[in-house]
>>> print(open('input-v4.txt').read())   # compact mmCIF, C-alpha atoms and all ligand atoms
# COMPACT_ATOMS: atom_id res chain seq x y z
CA MET A 1 88.06 -8.37 -59.24
CA LEU A 2 89.99 -11.16 -60.92
CA ASP A 3 92.92 -10.58 -58.61
CA LYS A 4 90.62 -10.83 -55.67
CA LEU A 5 89.34 -14.21 -56.94
CA ASN A 6 92.88 -15.51 -57.38
CA GLU A 7 93.67 -14.42 -53.84
CA ILE A 8 90.54 -16.19 -52.52
CA GLU A 9 91.56 -19.41 -54.32
CA LYS A 10 95.17 -19.25 -53.17
CA SER A 11 94.47 -18.59 -49.49
CA GLY A 12 91.57 -21.10 -49.50
CA LEU A 13 93.77 -23.90 -50.81
CA GLU A 14 96.58 -23.03 -48.46
CA SER A 15 94.47 -23.07 -45.35
CA LEU A 16 92.74 -26.28 -46.54
CA ASN A 17 96.08 -28.11 -46.60
CA THR A 18 96.61 -27.45 -42.90
CA ILE A 19 93.29 -29.00 -41.87
CA THR A 20 93.55 -32.36 -40.04
CA ASP A 21 90.10 -33.02 -38.57
CA PRO A 22 86.48 -33.01 -39.80
CA THR A 23 85.35 -30.17 -37.49
CA ALA A 24 87.97 -27.81 -38.88
CA LEU A 25 87.04 -28.87 -42.41
CA GLU A 26 83.41 -27.93 -41.80
CA ALA A 27 84.48 -24.53 -40.43
CA TRP A 28 86.63 -24.03 -43.53
CA ARG A 29 83.64 -24.86 -45.76
CA VAL A 30 81.48 -22.25 -44.04
CA SER A 31 84.09 -19.52 -44.20
CA THR A 32 85.28 -20.25 -47.74
CA LEU A 33 82.18 -21.45 -49.58
CA GLY A 34 79.36 -20.36 -47.21
CA ARG A 35 76.70 -17.79 -47.96
CA SER A 36 78.62 -14.84 -46.50
CA SER A 37 82.10 -15.89 -47.70
CA PRO A 38 84.18 -13.49 -49.87
CA LEU A 39 83.61 -15.78 -52.87
CA MET A 40 79.83 -15.62 -52.55
CA LEU A 41 80.12 -11.87 -52.15
CA VAL A 42 81.75 -11.78 -55.60
CA PHE A 43 78.73 -13.62 -57.04
CA SER A 44 76.31 -11.18 -55.44
CA GLU A 45 78.29 -8.21 -56.79
CA LEU A 46 78.23 -9.47 -60.39
CA GLY A 47 75.14 -7.33 -61.04
CA THR A 48 77.05 -4.15 -60.37
CA LEU A 49 79.69 -4.91 -63.03
CA SER A 50 79.69 -3.66 -66.61
CA LYS A 51 78.30 -5.78 -69.44
CA GLU A 52 81.83 -6.64 -70.60
CA GLU A 53 83.26 -7.52 -67.18
CA ARG A 54 80.34 -9.58 -65.98
CA PRO A 55 80.88 -12.86 -68.04
CA VAL A 56 84.64 -12.79 -67.47
CA VAL A 57 84.36 -12.38 -63.71
CA GLY A 58 81.39 -14.79 -63.53
CA GLN A 59 83.34 -17.50 -65.35
CA ALA A 60 86.40 -17.00 -63.15
CA ALA A 61 84.28 -17.08 -59.97
CA ASN A 62 82.68 -20.37 -61.04
CA ARG A 63 86.06 -21.88 -61.79
CA VAL A 64 87.36 -20.88 -58.35
CA LYS A 65 84.25 -22.27 -56.67
CA THR A 66 84.59 -25.63 -58.49
CA ALA A 67 88.31 -25.79 -57.72
CA LEU A 68 87.74 -25.13 -54.01
CA GLU A 69 84.88 -27.68 -53.80
CA SER A 70 86.85 -30.49 -55.41
CA ALA A 71 89.87 -29.67 -53.23
CA MET A 72 87.57 -29.91 -50.20
CA ASP A 73 86.23 -33.33 -51.30
CA ALA A 74 89.75 -34.60 -51.80
CA ARG A 75 90.74 -33.36 -48.37
CA ALA A 76 87.72 -35.00 -46.79
CA GLN A 77 88.71 -38.32 -48.35
CA ILE A 78 92.25 -38.00 -47.01
CA LEU A 79 90.87 -37.29 -43.54
CA ARG A 80 88.59 -40.36 -43.67
CA ALA A 81 91.42 -42.61 -44.76
CA ALA A 82 93.64 -41.23 -41.99
CA ALA A 83 90.91 -41.77 -39.38
CA LEU A 84 90.45 -45.40 -40.49
CA ALA A 85 94.20 -46.06 -40.45
CA LYS A 86 94.38 -44.56 -36.97
CA SER A 87 91.53 -46.65 -35.58
CA LEU A 88 92.95 -49.82 -37.13
CA GLU A 89 96.27 -49.05 -35.51
CA GLN A 90 95.02 -48.04 -32.07
CA GLU A 91 91.82 -50.01 -31.48
CA THR A 92 92.03 -53.73 -31.11
CA LEU A 93 89.37 -56.09 -32.41
CA ASP A 94 88.95 -59.22 -30.31
CA VAL A 95 88.32 -61.92 -32.86
CA THR A 96 88.19 -64.58 -30.15
CA LEU A 97 84.89 -63.23 -28.76
CA PRO A 98 82.26 -65.93 -29.37
CA GLY A 99 79.55 -65.08 -31.88
CA ARG A 100 75.85 -65.17 -31.16
CA ARG A 101 74.62 -68.74 -31.10
CA ILE A 102 71.98 -69.68 -33.60
CA GLY A 103 69.15 -71.49 -31.85
CA ILE A 104 68.72 -74.91 -33.40
CA GLY A 105 65.29 -76.44 -32.96
CA ARG A 106 64.75 -80.00 -31.82
CA LEU A 107 61.99 -82.52 -31.44
CA HIS A 108 59.45 -81.92 -28.69
CA PRO A 109 59.93 -84.34 -25.74
CA SER A 110 56.55 -85.93 -26.49
CA THR A 111 57.60 -86.58 -30.07
CA GLN A 112 60.96 -87.95 -28.92
CA GLN A 113 59.29 -90.41 -26.56
CA LEU A 114 56.56 -91.26 -29.06
CA ARG A 115 59.20 -92.12 -31.63
CA ARG A 116 61.16 -94.18 -29.10
CA VAL A 117 58.07 -96.22 -28.25
CA LEU A 118 57.18 -96.66 -31.92
CA ALA A 119 60.75 -97.67 -32.79
CA ILE A 120 60.65 -100.42 -30.15
CA LEU A 121 57.22 -101.59 -31.27
CA ALA A 122 58.42 -101.57 -34.89
CA GLU A 123 61.31 -103.87 -33.95
CA MET A 124 58.71 -106.19 -32.47
CA GLY A 125 56.67 -106.21 -35.67
CA PHE A 126 53.98 -103.62 -34.92
CA GLN A 127 53.13 -101.37 -37.85
CA VAL A 128 52.03 -97.75 -37.28
CA TYR A 129 48.40 -97.12 -38.13
CA THR A 130 47.01 -93.57 -37.86
CA SER A 131 43.35 -92.74 -37.45
CA PRO A 132 41.33 -89.50 -37.11
CA GLU A 133 41.37 -87.23 -34.07
CA VAL A 134 37.71 -86.35 -34.57
CA GLU A 135 35.38 -89.31 -34.16
CA THR A 136 31.77 -90.32 -33.85
CA ASP A 137 30.48 -91.47 -30.48
CA GLU A 138 29.93 -94.85 -32.13
CA MET A 139 33.62 -95.26 -33.03
CA ASN A 140 35.02 -93.70 -29.87
CA PHE A 141 32.71 -95.51 -27.43
CA GLN A 142 29.88 -97.76 -28.60
CA LEU A 143 31.86 -100.16 -30.82
CA LEU A 144 34.47 -100.40 -28.06
CA ASN A 145 31.83 -101.73 -25.69
CA PHE A 146 30.94 -98.44 -24.00
CA PRO A 147 27.16 -98.27 -24.61
CA PRO A 148 25.43 -94.90 -24.10
CA HIS A 149 25.21 -94.03 -20.39
CA HIS A 150 27.84 -96.66 -19.49
CA PRO A 151 29.51 -95.58 -16.23
CA ALA A 152 33.01 -96.14 -17.69
CA ARG A 153 32.40 -93.07 -19.85
CA GLU A 154 32.76 -90.99 -16.73
CA MET A 155 36.52 -91.59 -16.85
CA GLN A 156 36.63 -89.99 -20.28
CA ASP A 157 34.72 -86.72 -20.25
CA SER A 158 34.70 -85.46 -23.82
CA PHE A 159 34.88 -82.41 -26.03
CA TYR A 160 31.89 -82.51 -28.37
CA VAL A 161 31.90 -80.89 -31.80
CA GLU A 162 28.78 -78.97 -32.88
CA ALA A 163 27.30 -81.02 -35.69
CA GLY A 164 23.54 -80.64 -35.44
CA GLU A 165 21.16 -83.13 -33.85
CA ARG A 166 22.78 -86.58 -34.05
CA GLY A 167 20.94 -88.36 -31.25
CA GLU A 168 23.17 -90.88 -29.50
CA ASN A 169 25.95 -90.56 -32.07
CA PRO A 170 27.42 -87.06 -31.62
CA ILE A 171 30.81 -85.98 -32.99
CA LEU A 172 33.66 -85.59 -30.50
CA MET A 173 37.40 -85.27 -30.15
CA ARG A 174 38.69 -88.79 -29.56
CA THR A 175 39.32 -89.51 -25.89
CA HIS A 176 41.74 -92.35 -26.62
CA THR A 177 43.45 -93.93 -29.62
CA SER A 178 41.26 -97.04 -29.31
CA PRO A 179 38.79 -96.13 -32.11
CA GLY A 180 41.80 -96.83 -34.35
CA GLN A 181 41.38 -100.51 -33.35
CA ILE A 182 37.97 -100.60 -35.04
CA HIS A 183 39.19 -98.66 -38.10
CA ALA A 184 42.18 -100.97 -38.50
CA MET A 185 40.33 -104.25 -37.91
CA ARG A 186 37.58 -103.26 -40.35
CA GLU A 187 40.14 -102.28 -42.98
CA TYR A 188 42.09 -105.53 -42.54
CA ALA A 189 38.91 -107.63 -42.43
CA SER A 190 37.58 -106.03 -45.62
CA LYS A 191 40.52 -107.57 -47.50
CA ASN A 192 39.21 -111.05 -46.80
CA PRO A 193 35.96 -111.01 -44.75
CA LYS A 194 35.73 -114.82 -44.49
CA ASP A 195 39.23 -115.31 -43.18
CA PRO A 196 40.61 -111.89 -42.08
CA PRO A 197 44.40 -111.53 -41.89
CA PRO A 198 46.15 -111.10 -38.52
CA VAL A 199 46.58 -107.59 -37.13
CA ARG A 200 49.67 -106.24 -35.42
CA ILE A 201 49.57 -102.46 -35.24
CA ALA A 202 50.65 -99.47 -33.15
CA LEU A 203 48.21 -96.56 -32.88
CA PRO A 204 49.91 -93.30 -31.89
CA GLY A 205 48.43 -89.84 -31.52
CA MET A 206 46.83 -87.01 -29.62
CA CYS A 207 43.80 -87.59 -27.41
CA PHE A 208 41.51 -85.03 -25.79
CA ARG A 209 39.58 -85.09 -22.53
CA TYR A 210 37.44 -82.50 -20.84
CA GLU A 211 39.48 -82.51 -17.65
CA GLN A 212 40.31 -79.95 -15.08
CA ILE A 213 43.91 -79.04 -15.90
CA THR A 214 46.20 -79.86 -12.99
CA ALA A 215 49.81 -80.93 -12.52
CA ARG A 216 48.65 -84.52 -13.17
CA SER A 217 46.04 -84.14 -15.89
CA GLU A 218 45.87 -82.22 -19.14
CA ILE A 219 43.12 -81.82 -21.73
CA GLN A 220 45.42 -83.13 -24.45
CA PHE A 221 48.03 -85.83 -24.35
CA ASN A 222 49.54 -88.51 -26.56
CA GLN A 223 48.75 -92.16 -26.40
CA VAL A 224 50.30 -95.16 -28.06
CA GLU A 225 48.22 -98.22 -28.29
CA GLY A 226 49.18 -101.65 -29.55
CA LEU A 227 46.82 -104.24 -30.99
CA ALA A 228 47.52 -107.84 -31.96
CA VAL A 229 44.70 -110.00 -33.32
CA GLY A 230 45.05 -113.47 -34.76
CA LYS A 231 44.29 -117.14 -34.23
CA GLY A 232 45.45 -118.68 -30.98
CA ILE A 233 46.72 -115.52 -29.26
CA THR A 234 46.62 -115.93 -25.48
CA PHE A 235 47.25 -113.93 -22.33
CA ALA A 236 50.71 -115.52 -22.27
CA ASP A 237 51.48 -113.74 -25.56
CA LEU A 238 50.36 -110.48 -23.99
CA LYS A 239 52.63 -110.95 -20.98
CA GLY A 240 55.57 -112.07 -23.08
CA THR A 241 55.23 -109.19 -25.53
CA LEU A 242 54.85 -106.52 -22.87
CA THR A 243 57.65 -107.90 -20.69
CA ASP A 244 59.91 -107.81 -23.74
CA PHE A 245 58.73 -104.27 -24.48
CA ALA A 246 59.56 -103.16 -20.92
CA ARG A 247 63.06 -104.64 -21.19
CA ARG A 248 63.71 -102.90 -24.49
CA MET A 249 62.41 -99.64 -23.01
CA PHE A 250 63.84 -99.73 -19.48
CA GLY A 251 66.78 -102.11 -19.78
CA GLN A 252 67.29 -105.87 -19.77
CA GLY A 253 67.05 -106.06 -15.99
CA ALA A 254 63.59 -104.44 -15.85
CA HIS A 255 61.11 -106.33 -13.70
CA VAL A 256 57.40 -106.05 -14.38
CA ARG A 257 54.22 -107.11 -12.65
CA PHE A 258 50.62 -107.35 -13.81
CA ARG A 259 47.65 -106.28 -11.71
CA ALA A 260 44.02 -107.04 -12.48
CA SER A 261 42.14 -104.01 -13.78
CA TYR A 262 39.07 -103.05 -15.76
CA PHE A 263 38.56 -101.59 -19.24
CA PRO A 264 35.31 -102.02 -21.18
CA PHE A 265 37.10 -103.09 -24.37
CA THR A 266 39.31 -105.80 -22.88
CA GLU A 267 38.54 -108.88 -20.82
CA PRO A 268 40.43 -109.80 -18.73
CA SER A 269 42.19 -106.48 -18.21
CA ALA A 270 45.40 -105.60 -16.39
CA GLU A 271 47.78 -102.80 -15.52
CA MET A 272 51.47 -103.42 -16.01
CA ASP A 273 53.93 -101.90 -13.54
CA VAL A 274 57.69 -101.75 -13.95
CA GLU A 275 59.99 -101.84 -10.97
CA CYS A 276 60.89 -98.26 -10.03
CA PHE A 277 64.06 -97.37 -11.94
CA VAL A 278 64.79 -94.53 -9.53
CA CYS A 279 65.06 -96.55 -6.32
CA GLY A 280 65.33 -100.04 -7.76
CA GLY A 281 62.19 -101.15 -5.94
CA ALA A 282 63.17 -99.98 -2.45
CA GLY A 283 60.56 -97.22 -2.42
CA CYS A 284 61.03 -93.50 -3.08
CA PRO A 285 58.94 -90.36 -3.72
CA VAL A 286 58.76 -91.07 -7.48
CA CYS A 287 57.08 -94.44 -6.93
CA LYS A 288 55.34 -93.10 -3.81
CA GLY A 289 57.11 -95.71 -1.71
CA SER A 290 55.60 -98.69 -3.55
CA GLY A 291 58.70 -99.63 -5.54
CA TRP A 292 56.59 -99.89 -8.72
CA LEU A 293 55.66 -97.47 -11.53
CA GLU A 294 52.46 -97.87 -13.50
CA ILE A 295 53.44 -97.95 -17.16
CA LEU A 296 50.50 -99.18 -19.22
CA GLY A 297 47.04 -100.72 -19.32
CA CYS A 298 46.36 -103.88 -21.26
CA GLY A 299 44.08 -106.85 -21.73
CA MET A 300 42.63 -109.43 -24.09
CA VAL A 301 40.43 -107.78 -26.73
CA HIS A 302 36.78 -108.09 -25.68
CA PRO A 303 34.79 -110.49 -27.93
CA ILE A 304 32.27 -107.71 -28.69
CA VAL A 305 35.10 -105.45 -29.94
CA LEU A 306 36.48 -108.26 -32.14
CA GLN A 307 32.99 -108.81 -33.52
CA ASN A 308 32.56 -105.07 -34.23
CA GLY A 309 35.90 -105.07 -36.03
CA GLY A 310 34.81 -107.90 -38.31
CA TYR A 311 36.72 -110.70 -36.57
CA ASP A 312 34.80 -113.77 -35.38
CA PRO A 313 35.58 -114.05 -31.63
CA LYS A 314 35.09 -117.84 -31.83
CA ARG A 315 38.11 -118.14 -34.13
CA TYR A 316 40.14 -115.04 -33.30
CA THR A 317 41.60 -113.64 -30.12
CA GLY A 318 43.89 -110.74 -29.49
CA PHE A 319 45.43 -108.39 -26.98
CA ALA A 320 45.69 -104.62 -26.73
CA PHE A 321 47.70 -102.22 -24.60
CA GLY A 322 47.95 -98.48 -24.23
CA MET A 323 50.44 -96.10 -22.71
CA GLY A 324 51.21 -92.37 -22.44
CA PRO A 325 54.53 -91.07 -23.77
CA GLU A 326 54.32 -87.91 -21.65
CA ARG A 327 53.83 -89.97 -18.50
CA GLN A 328 56.85 -92.12 -19.34
CA TRP A 329 58.90 -88.99 -20.00
CA MET A 330 57.79 -87.55 -16.65
CA LEU A 331 58.92 -90.69 -14.83
CA ARG A 332 62.19 -90.81 -16.71
CA TYR A 333 63.14 -87.19 -16.00
CA ARG A 334 61.19 -86.81 -12.72
CA ILE A 335 58.99 -84.05 -14.11
CA ASN A 336 56.16 -83.36 -11.69
CA ASP A 337 53.90 -81.16 -13.82
CA ILE A 338 52.34 -82.43 -17.06
CA ARG A 339 51.33 -78.88 -18.02
CA THR A 340 54.94 -78.09 -18.97
CA PHE A 341 54.53 -80.20 -22.13
CA TRP A 342 52.07 -77.83 -23.80
CA ALA A 343 52.98 -74.54 -22.10
CA ASN A 344 55.45 -73.69 -24.91
CA ASP A 345 58.06 -72.57 -22.43
CA VAL A 346 61.45 -72.83 -24.11
CA ARG A 347 63.18 -73.07 -20.73
CA PHE A 348 61.51 -76.47 -20.29
CA LEU A 349 61.72 -77.67 -23.88
CA GLU A 350 65.39 -76.82 -24.45
CA GLN A 351 66.46 -79.13 -21.63
CA PHE A 352 65.79 -82.14 -23.83
ZN ZN B 401 61.01 -95.58 -6.40
>>> encode(input="input-v4.txt", output="C-alpha cells")
Amino acid sequence: MLDKLNEIEKSGLESLNTITDPTALEAWRVSTLGRSSPLMLVFSELGTLSKEERPVVGQAANRVKTALESAMDARAQILRAAALAKSLEQETLDVTLPGRRIGIGRLHPSTQQLRRVLAILAEMGFQVYTSPEVETDEMNFQLLNFPPHHPAREMQDSFYVEAGERGENPILMRTHTSPGQIHAMREYASKNPKDPPPVRIALPGMCFRYEQITARSEIQFNQVEGLAVGKGITFADLKGTLTDFARRMFGQGAHVRFRASYFPFTEPSAEMDVECFVCGGAGCPVCKGSGWLEILGCGMVHPIVLQNGGYDPKRYTGFAFGMGPERQWMLRYRINDIRTFWANDVRFLEQF
C-alpha cells in the first residue's frame, strides 16, 4: 500500500511538471485528486486494513494528498504568471486613446444673461434687491396702480395660490418683478420717512404667468427691473441711463430709439428698441424687416406708485425699466423657441 502511494505521488508530480495550460491542469486535478482517482481509492480502502496498518497508511495518504495539492497550487501560479507575461508581450495597450470626458456643468443661459445684465447695472450704480416670488394681489397689482378689474391685468394672467377666502387680495405667484419696487421703496423710506433716501436698485428674478405655452411665451421667465427714485430725476435721465446701458450691452455703436407705450405703473411710458445687431438696421428675419429689436419697457414712475412706496410725488420723481434675459439671449443667439430654456435638454444647454 505504501509503495502504491509513493508511486501515485511520483507519477502525479511528474505529469504535473509537463502541464502548460489551465485546461490540462484541471484535467490533472480530476484524475489525480478527484473522487475516483487512485489516491481517493486508497482512502476508501482504509477500512479494509488491519488495526496496525490503518494509521500508517492513512498518514501517508494524507501526506501525499497535501503534497500533490500544494504542487498543483504552485503550478497554477506559474501558469498565471506565464499567461500574464505572454499577454504583456503580445498584446499592445494603446495609451494614446483618449479617456472618457468628465462632463463639467456650467451656468444656465438665463443665469449667464441675468448676471451679465446685473454686472452692467452694478457698474452703473444699481444695487441688487431681491423680493419674494409669492405675493399678495395688493403688492403685485393694486399698489402698482392696477386696481381690481383693471383691464391691464389681462396682460398678466396669474397663478393663484390657495389661501382661503381673501376677498380682493388673494395670494399669487408674482407676474413681474415690479412688486419689488414697493418693497424696496418702503424699506428705504422707513429709514427716514420725512426725507427718504434715493433709490437705485436692480430687481432680478423669476416671474410666472398663466399663459398658453408656445414658442414665444412661457409660464415662467426671468425679468430684471431697474428703479431709480430721487429728487429732480427726469425723462432725460431715463434716456441717458438706458442708452448707456444699451451701449454697454450691445457695443459702443448701438443705436436706440424710444417709442411711446403704456404701463399702469409708469407715466409717461416707453419701449426702447436697439438697432438690429444682426442686419445693422437694414431689415432681416430676426427684426422682422423693421431694423429694430424691442429690448425693454420703461417709463417715469407713476405718482401713485411713488406715494404707495412712501415717497412724496411732489418732491420725488423716478424712472423704472424692465427687460427679459431670456429674450435678449434669444436675440443674441437667434433662438426661436423660448421653451428650450426650461425643457432641460442638455443638447440645448451645453451649447452655451
Ligand atoms: Zn435685422
>>> residues_near_point(input="input-v4.txt", point="(30.5, -87.2, -22.4)", cutoff="10 Å", atoms="all atoms listed in the file", output="PyMOL selection string")
chain A and resi 137+141+148-149+153-160+170+172+175+209-210
>>> residues_near_ligand(input="input-v4.txt", ligand="ligand ZN 401 (chain B)", cutoff="7 Å", atoms="all atoms listed in the file", output="ChimeraX atom specification")
/A:276-292
>>> closest_residue(input="input-v4.txt", among="A:Pro109, A:Glu168, A:Ala27, A:Leu88", to="Leu349 (chain A)", atoms="all atoms listed in the file")
A:Pro109
>>> residues_around(input="input-v4.txt", residues="region 54-56 of chain A", least_positions_apart="4", cutoff="12 Å", atoms="only C-alpha atoms", output="list in words")
Met1, Leu2, Leu5, Val42, Phe43, Ser44, Glu45, Leu46, Gly47, Thr48, Leu49, Ser50, Ala60, Ala61, Asn62 and Arg63 of chain A
>>> closest_residue(input="input-v4.txt", among="A:Met272, A:Ile19, A:Glu225, A:Asn169", to="Gly240 (chain A)", atoms="only C-alpha atoms")
A:Met272
>>> residues_near_point(input="input-v4.txt", point="(46.3, -102.9, -33.1)", cutoff="10 Å", atoms="all atoms listed in the file", output="VMD selection string")
chain A and resid 126 to 129 178 180 to 185 198 to 203 225 to 229 301 318 to 321
>>> closest_residue(input="input-v4.txt", among="A:Ala189, A:Leu97, A:Val161, A:Ala76", to="Gly310 (chain A)", atoms="all atoms listed in the file")
A:Ala189
>>> closest_residue(input="input-v4.txt", among="A:Arg257, A:Arg247, A:Arg174, A:His302", to="Ser269 (chain A)", atoms="all atoms listed in the file")
A:His302
>>> closest_residue(input="input-v4.txt", among="A:Pro268, A:Gly322, A:Gly205, A:Pro196", to="Leu242 (chain A)", atoms="all atoms listed in the file")
A:Gly322
>>> atom_distance(input="input-v4.txt", atom1="CA of Ala254 (chain A)", atom2="CA of Lys231 (chain A)")
29.5 Å
>>> closest_residue(input="input-v4.txt", among="A:Leu84, A:Met139, A:Ala246, A:Ile219", to="Arg186 (chain A)", atoms="all atoms listed in the file")
A:Met139
>>> atom_distance(input="input-v4.txt", atom1="CA of Thr111 (chain A)", atom2="CA of Pro325 (chain A)")
8.3 Å
